[in-house]
file data.cif (mmCIF, C-alpha atoms)
data_start
#
loop_
_atom_site.label_atom_id
_atom_site.label_comp_id
_atom_site.auth_asym_id
_atom_site.auth_seq_id
_atom_site.Cartn_x
_atom_site.Cartn_y
_atom_site.Cartn_z
CA MET A 221 -18.87 1.06 -20.28
CA THR A 222 -15.17 1.32 -21.07
CA ILE A 223 -12.84 -0.27 -18.51
CA ASN A 224 -9.11 -0.61 -19.12
CA ILE A 225 -6.20 -1.68 -16.98
CA LYS A 226 -2.58 -0.57 -17.22
CA LYS A 227 0.49 -1.77 -15.38
CA CYS A 228 2.25 1.08 -13.58
CA THR A 229 5.87 2.02 -14.16
CA LEU A 230 8.16 4.53 -12.48
CA GLU A 231 6.87 7.09 -14.99
CA ASP A 232 3.48 6.79 -13.24
CA LEU A 233 4.90 7.64 -9.80
CA ARG A 234 3.14 11.01 -9.36
CA THR A 235 -0.21 9.68 -10.58
CA LEU A 236 0.16 6.67 -8.27
CA GLN A 237 0.97 8.95 -5.33
CA LYS A 238 -2.09 11.10 -6.06
CA ILE A 239 -4.58 8.23 -6.38
CA SER A 240 -3.09 6.35 -3.42
CA SER A 241 -3.47 9.31 -1.09
CA GLU A 242 -6.85 10.34 -2.49
CA THR A 243 -8.50 6.92 -2.26
CA PHE A 244 -7.08 6.08 1.15
CA TYR A 245 -8.21 9.42 2.54
CA GLU A 246 -11.71 9.10 1.01
CA THR A 247 -12.08 5.60 2.43
CA PHE A 248 -10.91 6.16 5.99
CA LYS A 249 -11.13 9.90 6.85
CA HIS A 250 -14.46 9.55 8.69
CA GLN A 251 -13.18 6.88 11.08
CA ASN A 252 -9.72 8.19 11.96
CA SER A 253 -8.20 11.34 13.41
CA ALA A 254 -6.70 13.90 11.04
CA GLU A 255 -3.33 13.50 12.78
CA ASN A 256 -3.24 9.72 12.27
CA MET A 257 -4.46 10.02 8.67
CA ASN A 258 -1.79 12.58 7.82
CA ALA A 259 0.95 10.56 9.52
CA TYR A 260 -0.03 7.45 7.58
CA LEU A 261 -0.39 9.23 4.23
CA GLU A 262 3.04 10.86 4.62
CA LYS A 263 4.69 7.56 5.57
CA ALA A 264 3.00 5.19 3.10
CA PHE A 265 2.61 7.37 0.02
CA ASN A 266 5.66 9.61 -0.10
CA VAL A 267 7.59 9.58 -3.39
CA LYS A 268 10.59 7.68 -2.02
CA GLN A 269 8.42 4.92 -0.52
CA LEU A 270 6.30 4.46 -3.66
CA GLU A 271 9.41 4.48 -5.86
CA LYS A 272 10.87 1.70 -3.69
CA GLU A 273 7.64 -0.33 -3.99
CA LEU A 274 7.39 0.21 -7.75
CA SER A 275 10.98 -0.94 -8.16
CA ASN A 276 10.45 -4.20 -6.25
CA ILE A 277 10.26 -7.07 -8.76
CA SER A 278 7.92 -8.97 -6.41
CA SER A 279 5.32 -6.17 -6.44
CA GLN A 280 3.11 -4.92 -9.25
CA PHE A 281 0.77 -1.93 -9.48
CA PHE A 282 -2.08 -1.46 -11.93
CA PHE A 283 -4.35 1.48 -12.70
CA VAL A 284 -7.94 0.83 -13.67
CA TYR A 285 -9.46 3.35 -16.06
CA PHE A 286 -13.16 4.07 -16.39
CA HIS A 287 -13.94 6.03 -19.56
CA ASN A 288 -10.24 6.91 -19.86
CA GLU A 289 -9.98 8.38 -16.34
CA VAL A 290 -7.89 6.78 -13.59
CA ALA A 291 -10.58 5.39 -11.29
CA GLY A 292 -8.58 3.18 -8.94
CA TYR A 293 -5.59 0.95 -8.52
CA LEU A 294 -4.33 -2.43 -7.41
CA LYS A 295 -1.09 -3.52 -5.75
CA VAL A 296 -0.15 -7.20 -5.57
CA ASN A 297 2.84 -8.82 -3.88
CA THR A 298 4.53 -12.19 -4.14
CA ASN A 299 7.48 -13.82 -2.44
CA ASP A 300 9.23 -11.62 0.15
CA ALA A 301 7.22 -8.52 -0.79
CA GLN A 302 4.18 -9.94 1.02
CA SER A 303 3.42 -8.13 4.28
CA GLU A 304 3.01 -11.47 6.10
CA GLU A 305 4.86 -14.79 5.76
CA MET A 306 2.47 -16.67 3.50
CA GLY A 307 4.93 -18.61 1.39
CA ASP A 308 5.76 -18.86 -2.28
CA GLU A 309 2.36 -20.32 -3.19
CA SER A 310 0.50 -17.13 -2.19
CA LEU A 311 -0.20 -13.76 -3.76
CA GLU A 312 -1.12 -10.80 -1.57
CA ILE A 313 -3.50 -8.08 -2.63
CA GLU A 314 -1.97 -5.30 -0.55
CA ARG A 315 -4.05 -2.45 -1.96
CA ILE A 316 -7.22 -2.33 -3.99
CA TYR A 317 -8.92 1.05 -4.05
CA ILE A 318 -11.55 2.69 -6.23
CA LYS A 319 -12.33 6.42 -6.06
CA ASN A 320 -15.73 6.99 -4.43
CA GLN A 321 -17.21 8.51 -7.59
CA PHE A 322 -16.41 5.32 -9.55
CA GLN A 323 -17.66 2.75 -7.06
CA LYS A 324 -20.58 0.45 -7.93
CA HIS A 325 -19.39 0.01 -11.54
CA GLY A 326 -17.72 -3.39 -11.08
CA LEU A 327 -14.20 -1.96 -11.00
CA GLY A 328 -13.26 -3.66 -7.72
CA LYS A 329 -14.31 -6.99 -9.17
CA TYR A 330 -12.34 -6.18 -12.32
CA LEU A 331 -9.18 -5.55 -10.26
CA LEU A 332 -9.79 -8.63 -8.13
CA ASN A 333 -10.06 -10.70 -11.30
CA LYS A 334 -6.75 -9.20 -12.49
CA ALA A 335 -5.10 -10.24 -9.21
CA THR A 336 -6.53 -13.76 -9.60
CA GLU A 337 -5.23 -13.93 -13.17
CA ILE A 338 -1.73 -12.91 -12.01
CA ALA A 339 -1.84 -15.49 -9.22
CA MET A 340 -2.89 -18.27 -11.58
CA GLU A 341 -0.22 -17.32 -14.13
CA GLY A 342 2.32 -17.58 -11.30
CA ASN A 343 0.94 -20.97 -10.20
CA LYS A 344 -0.16 -19.59 -6.83
CA LYS A 345 -2.54 -21.69 -4.76
CA LYS A 346 -4.17 -18.83 -2.85
CA ILE A 347 -4.66 -15.10 -2.76
CA TRP A 348 -5.01 -13.16 0.45
CA LEU A 349 -5.44 -9.65 1.77
CA GLY A 350 -5.79 -7.66 4.96
CA VAL A 351 -8.92 -5.57 5.44
CA TRP A 352 -9.69 -3.27 8.36
CA GLU A 353 -12.17 -4.93 10.70
CA LYS A 354 -14.38 -1.80 10.56
CA ASN A 355 -14.52 -1.69 6.74
CA ASP A 356 -17.86 -3.52 6.50
CA ASN A 357 -18.44 -2.80 2.81
CA ALA A 358 -15.07 -4.22 1.79
CA ILE A 359 -15.48 -7.29 4.02
CA ALA A 360 -18.89 -7.99 2.49
CA PHE A 361 -17.42 -7.57 -1.02
CA TYR A 362 -14.56 -9.98 -0.34
CA LYS A 363 -16.90 -12.57 1.16
CA LYS A 364 -19.10 -12.28 -1.93
CA MET A 365 -15.98 -12.87 -4.04
CA GLY A 366 -15.15 -16.11 -2.19
CA PHE A 367 -12.73 -14.94 0.51
CA VAL A 368 -12.92 -16.29 4.07
CA GLN A 369 -11.35 -14.92 7.22
CA THR A 370 -8.26 -16.92 8.14
CA GLY A 371 -6.59 -14.67 10.71
CA ALA A 372 -5.82 -11.11 11.74
CA HIS A 373 -2.84 -8.79 12.12
CA SER A 374 -2.06 -5.34 13.46
CA PHE A 375 -2.07 -2.28 11.24
CA TYR A 376 -0.84 1.11 12.43
CA MET A 377 -2.70 4.25 11.45
CA GLY A 378 -0.30 6.85 12.78
CA ASP A 379 0.09 5.94 16.46
CA GLU A 380 -3.15 3.94 16.65
CA GLU A 381 -2.99 0.17 16.48
CA GLN A 382 -5.88 -1.25 14.46
CA THR A 383 -6.82 -4.78 13.44
CA ASP A 384 -6.90 -6.03 9.88
CA LEU A 385 -8.73 -9.26 9.16
CA ILE A 386 -6.73 -11.60 6.94
CA MET A 387 -9.00 -13.02 4.26
CA THR A 388 -7.95 -15.80 1.91
CA LYS A 389 -9.29 -17.36 -1.24
CA THR A 390 -8.03 -20.74 -2.40
CA LEU A 391 -7.55 -21.01 -6.15
CA LEU A 392 -8.52 -24.12 -8.08
#

call {"tool": "encode", "arguments": {"input": "data.cif", "output": "C-alpha coordinates"}}
result
Amino acid sequence: MTINIKKCTLEDLRTLQKISSETFYETFKHQNSAENMNAYLEKAFNVKQLEKELSNISSQFFFVYFHNEVAGYLKVNTNDAQSEEMGDESLEIERIYIKNQFQKHGLGKYLLNKATEIAMEGNKKKIWLGVWEKNDNAIAFYKKMGFVQTGAHSFYMGDEEQTDLIMTKTLL
(Lines of atoms letter the chains of each structure in order from A and count residues from 1; the text may use other names and numbers.)
(Lines give C-alpha, C1' and ligand atoms only; values in the text may rest on other atoms or scores of the structure.)
Protein backbone atom coordinates (compact mmCIF):
# COMPACT_ATOMS: atom_id res chain seq x y z
CA MET A 1 0.00 0.00 0.00
CA THR A 2 1.56 3.26 -1.18
CA ILE A 3 0.40 6.38 0.66
CA ASN A 4 2.01 9.77 0.08
CA ILE A 5 1.18 13.27 1.20
CA LYS A 6 1.93 16.53 -0.60
CA LYS A 7 1.47 20.12 0.52
CA CYS A 8 -0.72 22.07 -1.90
CA THR A 9 0.39 25.24 -3.64
CA LEU A 10 -1.43 27.70 -5.89
CA GLU A 11 -0.40 25.48 -8.81
CA ASP A 12 -2.73 22.82 -7.35
CA LEU A 13 -5.76 25.13 -7.34
CA ARG A 14 -7.79 23.28 -10.01
CA THR A 15 -7.07 19.85 -8.52
CA LEU A 16 -8.00 21.18 -5.07
CA GLN A 17 -11.24 22.62 -6.43
CA LYS A 18 -12.12 19.30 -8.09
CA ILE A 19 -11.45 17.10 -5.05
CA SER A 20 -13.07 19.58 -2.65
CA SER A 21 -16.32 19.65 -4.61
CA GLU A 22 -16.27 15.93 -5.37
CA THR A 23 -15.69 14.74 -1.81
CA PHE A 24 -18.11 17.20 -0.22
CA TYR A 25 -20.82 16.24 -2.70
CA GLU A 26 -20.21 12.49 -2.21
CA THR A 27 -20.36 12.88 1.56
CA PHE A 28 -23.47 15.01 1.92
CA LYS A 29 -25.62 14.72 -1.24
CA HIS A 30 -27.99 12.15 0.28
CA GLN A 31 -28.88 14.32 3.27
CA ASN A 32 -29.26 17.76 1.67
CA SER A 33 -31.29 19.35 -1.10
CA ALA A 34 -29.68 19.82 -4.50
CA GLU A 35 -30.25 23.59 -4.22
CA ASN A 36 -28.45 23.86 -0.88
CA MET A 37 -25.62 21.59 -2.04
CA ASN A 38 -25.07 23.63 -5.20
CA ALA A 39 -25.20 26.93 -3.31
CA TYR A 40 -22.61 25.70 -0.82
CA LEU A 41 -20.31 24.19 -3.46
CA GLU A 42 -20.36 27.41 -5.50
CA LYS A 43 -19.64 29.56 -2.44
CA ALA A 44 -17.01 27.43 -0.69
CA PHE A 45 -15.10 25.94 -3.61
CA ASN A 46 -15.00 28.59 -6.30
CA VAL A 47 -11.54 29.43 -7.66
CA LYS A 48 -11.36 32.86 -6.03
CA GLN A 49 -12.29 31.51 -2.57
CA LEU A 50 -9.83 28.60 -2.73
CA GLU A 51 -7.07 30.88 -4.02
CA LYS A 52 -7.67 33.18 -1.03
CA GLU A 53 -7.51 30.20 1.38
CA LEU A 54 -4.37 28.78 -0.25
CA SER A 55 -2.69 32.18 0.02
CA ASN A 56 -3.39 32.54 3.75
CA ILE A 57 -0.17 31.86 5.68
CA SER A 58 -2.21 30.53 8.62
CA SER A 59 -3.82 27.80 6.49
CA GLN A 60 -2.29 24.73 4.87
CA PHE A 61 -3.73 22.17 2.45
CA PHE A 62 -2.40 18.69 1.79
CA PHE A 63 -3.32 16.03 -0.76
CA VAL A 64 -3.12 12.39 0.22
CA TYR A 65 -2.24 10.00 -2.59
CA PHE A 66 -3.13 6.32 -2.67
CA HIS A 67 -1.15 4.45 -5.33
CA ASN A 68 -0.26 7.79 -6.95
CA GLU A 69 -3.88 8.96 -7.27
CA VAL A 70 -5.27 11.92 -5.31
CA ALA A 71 -7.54 10.19 -2.79
CA GLY A 72 -8.37 13.00 -0.38
CA TYR A 73 -7.21 16.16 1.26
CA LEU A 74 -6.71 18.00 4.52
CA LYS A 75 -6.99 21.68 5.44
CA VAL A 76 -5.62 22.96 8.75
CA ASN A 77 -5.83 26.46 10.22
CA THR A 78 -3.98 28.28 12.97
CA ASN A 79 -4.20 31.75 14.45
CA ASP A 80 -6.86 33.99 12.89
CA ALA A 81 -7.62 31.52 10.08
CA GLN A 82 -9.52 29.31 12.54
CA SER A 83 -13.28 29.40 12.01
CA GLU A 84 -13.85 29.86 15.77
CA GLU A 85 -11.91 31.82 18.41
CA MET A 86 -9.81 29.04 19.90
CA GLY A 87 -6.60 30.92 20.59
CA ASP A 88 -3.00 30.62 19.52
CA GLU A 89 -2.53 27.25 21.24
CA SER A 90 -5.02 25.50 18.93
CA LEU A 91 -4.96 24.05 15.44
CA GLU A 92 -8.21 23.57 13.53
CA ILE A 93 -8.82 20.74 11.12
CA GLU A 94 -11.28 22.57 8.88
CA ARG A 95 -11.54 19.91 6.19
CA ILE A 96 -10.55 16.28 6.03
CA TYR A 97 -12.12 14.34 3.19
CA ILE A 98 -11.40 11.04 1.48
CA LYS A 99 -13.06 10.01 -1.80
CA ASN A 100 -15.58 7.22 -1.18
CA GLN A 101 -13.64 4.73 -3.30
CA PHE A 102 -10.55 5.19 -1.09
CA GLN A 103 -12.20 4.99 2.31
CA LYS A 104 -11.35 2.16 4.73
CA HIS A 105 -7.64 2.24 3.79
CA GLY A 106 -6.44 4.28 6.79
CA LEU A 107 -6.13 7.51 4.82
CA GLY A 108 -8.25 9.54 7.25
CA LYS A 109 -6.03 8.41 10.10
CA TYR A 110 -2.98 9.26 8.00
CA LEU A 111 -4.26 12.82 7.45
CA LEU A 112 -5.25 13.17 11.10
CA ASN A 113 -1.73 12.15 12.09
CA LYS A 114 -0.35 14.79 9.70
CA ALA A 115 -2.52 17.44 11.38
CA THR A 116 -1.30 16.29 14.81
CA GLU A 117 2.31 16.46 13.61
CA ILE A 118 1.79 20.04 12.36
CA ALA A 119 0.15 21.01 15.66
CA MET A 120 2.99 19.56 17.71
CA GLU A 121 5.63 21.24 15.53
CA GLY A 122 3.81 24.52 16.17
CA ASN A 123 3.67 23.85 19.93
CA LYS A 124 -0.13 23.70 19.90
CA LYS A 125 -1.86 22.25 22.95
CA LYS A 126 -5.00 21.03 21.19
CA ILE A 127 -6.52 20.25 17.84
CA TRP A 128 -10.19 20.70 17.09
CA LEU A 129 -12.71 20.37 14.31
CA GLY A 130 -16.38 20.82 13.52
CA VAL A 131 -18.34 17.80 12.31
CA TRP A 132 -21.98 17.74 11.22
CA GLU A 133 -24.13 16.24 13.96
CA LYS A 134 -25.66 13.82 11.41
CA ASN A 135 -22.29 12.52 10.15
CA ASP A 136 -22.27 9.45 12.41
CA ASN A 137 -19.34 7.72 10.69
CA ALA A 138 -17.08 10.74 11.07
CA ILE A 139 -18.12 11.30 14.70
CA ALA A 140 -17.34 7.67 15.52
CA PHE A 141 -13.96 7.97 13.76
CA TYR A 142 -13.00 11.11 15.68
CA LYS A 143 -14.03 9.58 18.99
CA LYS A 144 -11.91 6.53 18.19
CA MET A 145 -9.00 8.91 17.49
CA GLY A 146 -9.32 10.55 20.92
CA PHE A 147 -11.56 13.56 20.22
CA VAL A 148 -14.34 14.57 22.62
CA GLN A 149 -17.26 16.88 22.02
CA THR A 150 -16.61 20.28 23.59
CA GLY A 151 -19.30 22.43 21.98
CA ALA A 152 -21.29 23.15 18.84
CA HIS A 153 -21.69 25.87 16.24
CA SER A 154 -23.92 26.71 13.30
CA PHE A 155 -22.99 25.75 9.76
CA TYR A 156 -24.95 26.97 6.74
CA MET A 157 -25.64 24.62 3.86
CA GLY A 158 -27.15 27.06 1.40
CA ASP A 159 -30.05 28.62 3.32
CA GLU A 160 -30.34 25.79 5.85
CA GLU A 161 -28.81 26.23 9.28
CA GLN A 162 -27.22 23.02 10.52
CA THR A 163 -25.30 22.13 13.67
CA ASP A 164 -21.67 21.09 13.73
CA LEU A 165 -20.34 19.44 16.87
CA ILE A 166 -17.02 20.88 17.98
CA MET A 167 -14.68 18.05 18.89
CA THR A 168 -11.31 18.59 20.56
CA LYS A 169 -8.26 16.51 21.28
CA THR A 170 -5.70 17.67 23.84
CA LEU A 171 -2.11 17.01 22.83
CA LEU A 172 0.48 15.80 25.31

call {"tool": "resolve_selection", "arguments": {"input": "data.cif", "expression": "the PyMOL selection byres ((chain A and resi 239) around 10)", "output": "list in words"}}
result
Arg234, Thr235, Leu236, Gln237, Lys238, Ser240, Ser241, Glu242, Thr243, Phe244, Tyr245, Phe265, Phe283, Val290, Ala291, Gly292, Tyr293, Tyr317, Ile318 and Lys319 of chain A

call {"tool": "residues_around", "arguments": {"input": "data.cif", "residues": "segment 268-273 of chain A", "least_positions_apart": "5", "cutoff": "9 Å", "atoms": "all atoms listed in the file", "output": "number ranges by chain"}}
result
A: 230, 233, 236-237, 263, 278-281, 301

call {"tool": "closest_residue", "arguments": {"input": "data.cif", "among": "A:Asn288, A:Gln369, A:Thr222, A:Thr388", "to": "Lys346 of chain A", "atoms": "all atoms listed in the file"}}
result
A:Thr388

call {"tool": "closest_residue", "arguments": {"input": "data.cif", "among": "A:Thr229, A:Asn224, A:Thr247, A:Ser253", "to": "Asn320 of chain A", "atoms": "all atoms listed in the file"}}
result
A:Thr247

call {"tool": "atom_distance", "arguments": {"input": "data.cif", "atom1": "atom CA of Asn252 of chain A", "atom2": "atom CA of Ala358 of chain A"}}
result
16.9 Å

call {"tool": "resolve_selection", "arguments": {"input": "data.cif", "expression": "the PyMOL selection byres ((chain A and resi 391) around 8)", "output": "tab-separated table (two decimals) with C-alpha atoms, keeping the file's coordinate frame"}}
result
chain	number	residue	atom	x	y	z
A	340	MET	CA	-2.89	-18.27	-11.58
A	344	LYS	CA	-0.16	-19.59	-6.83
A	345	LYS	CA	-2.54	-21.69	-4.76
A	346	LYS	CA	-4.17	-18.83	-2.85
A	347	ILE	CA	-4.66	-15.10	-2.76
A	389	LYS	CA	-9.29	-17.36	-1.24
A	390	THR	CA	-8.03	-20.74	-2.40
A	392	LEU	CA	-8.52	-24.12	-8.08

call {"tool": "atom_distance", "arguments": {"input": "data.cif", "atom1": "atom CA of Asp308 of chain A", "atom2": "atom CA of Asn355 of chain A"}}
result
28.1 Å

call {"tool": "closest_residue", "arguments": {"input": "data.cif", "among": "A:Met257, A:Ile316, A:Met365, A:Ile338", "to": "Gly350 of chain A", "atoms": "all atoms listed in the file"}}
result
A:Ile316

call {"tool": "closest_residue", "arguments": {"input": "data.cif", "among": "A:Phe282, A:Trp348, A:Phe361, A:Tyr376", "to": "Asn256 of chain A", "atoms": "all atoms listed in the file"}}
result
A:Tyr376

call {"tool": "atom_distance", "arguments": {"input": "data.cif", "atom1": "atom CA of Lys249 of chain A", "atom2": "atom CA of Asn276 of chain A"}}
result
28.9 Å

call {"tool": "resolve_selection", "arguments": {"input": "data.cif", "expression": "the PyMOL selection byres ((chain A and resi 325) around 12)", "output": "ChimeraX atom specification"}}
result
/A:221-223,284-287,291-292,318-324,326-331

call {"tool": "write_last_selection", "arguments": {"input": "data.cif", "atoms": "C-alpha atoms", "output": "CSV table (one decimal), keeping the file's coordinate frame"}}
result
chain,number,residue,atom,x,y,z
A,221,MET,CA,-18.9,1.1,-20.3
A,222,THR,CA,-15.2,1.3,-21.1
A,223,ILE,CA,-12.8,-0.3,-18.5
A,284,VAL,CA,-7.9,0.8,-13.7
A,285,TYR,CA,-9.5,3.4,-16.1
A,286,PHE,CA,-13.2,4.1,-16.4
A,287,HIS,CA,-13.9,6.0,-19.6
A,291,ALA,CA,-10.6,5.4,-11.3
A,292,GLY,CA,-8.6,3.2,-8.9
A,318,ILE,CA,-11.6,2.7,-6.2
A,319,LYS,CA,-12.3,6.4,-6.1
A,320,ASN,CA,-15.7,7.0,-4.4
A,321,GLN,CA,-17.2,8.5,-7.6
A,322,PHE,CA,-16.4,5.3,-9.6
A,323,GLN,CA,-17.7,2.8,-7.1
A,324,LYS,CA,-20.6,0.4,-7.9
A,326,GLY,CA,-17.7,-3.4,-11.1
A,327,LEU,CA,-14.2,-2.0,-11.0
A,328,GLY,CA,-13.3,-3.7,-7.7
A,329,LYS,CA,-14.3,-7.0,-9.2
A,330,TYR,CA,-12.3,-6.2,-12.3
A,331,LEU,CA,-9.2,-5.6,-10.3

call {"tool": "residues_near_point", "arguments": {"input": "data.cif", "point": "(-2.5, -7.0, 12.1)", "cutoff": "6 Å", "atoms": "only C-alpha atoms", "output": "list in words"}}
result
Ala372, His373, Ser374, Phe375, Thr383 and Asp384 of chain A

call {"tool": "closest_residue", "arguments": {"input": "data.cif", "among": "A:Ala259, A:Ala360, A:Leu332, A:Val351", "to": "Ile386 of chain A", "atoms": "all atoms listed in the file"}}
result
A:Val351

call {"tool": "axis_aligned_box", "arguments": {"input": "data.cif", "around": "segment 222-238 of chain A", "padding_each_side": "5 Å", "output": "lines of an AutoDock Vina configuration file"}}
result
center_x = -3.5
center_y = 4.7
center_z = -13.2
size_x = 33.3
size_y = 22.9
size_z = 25.7
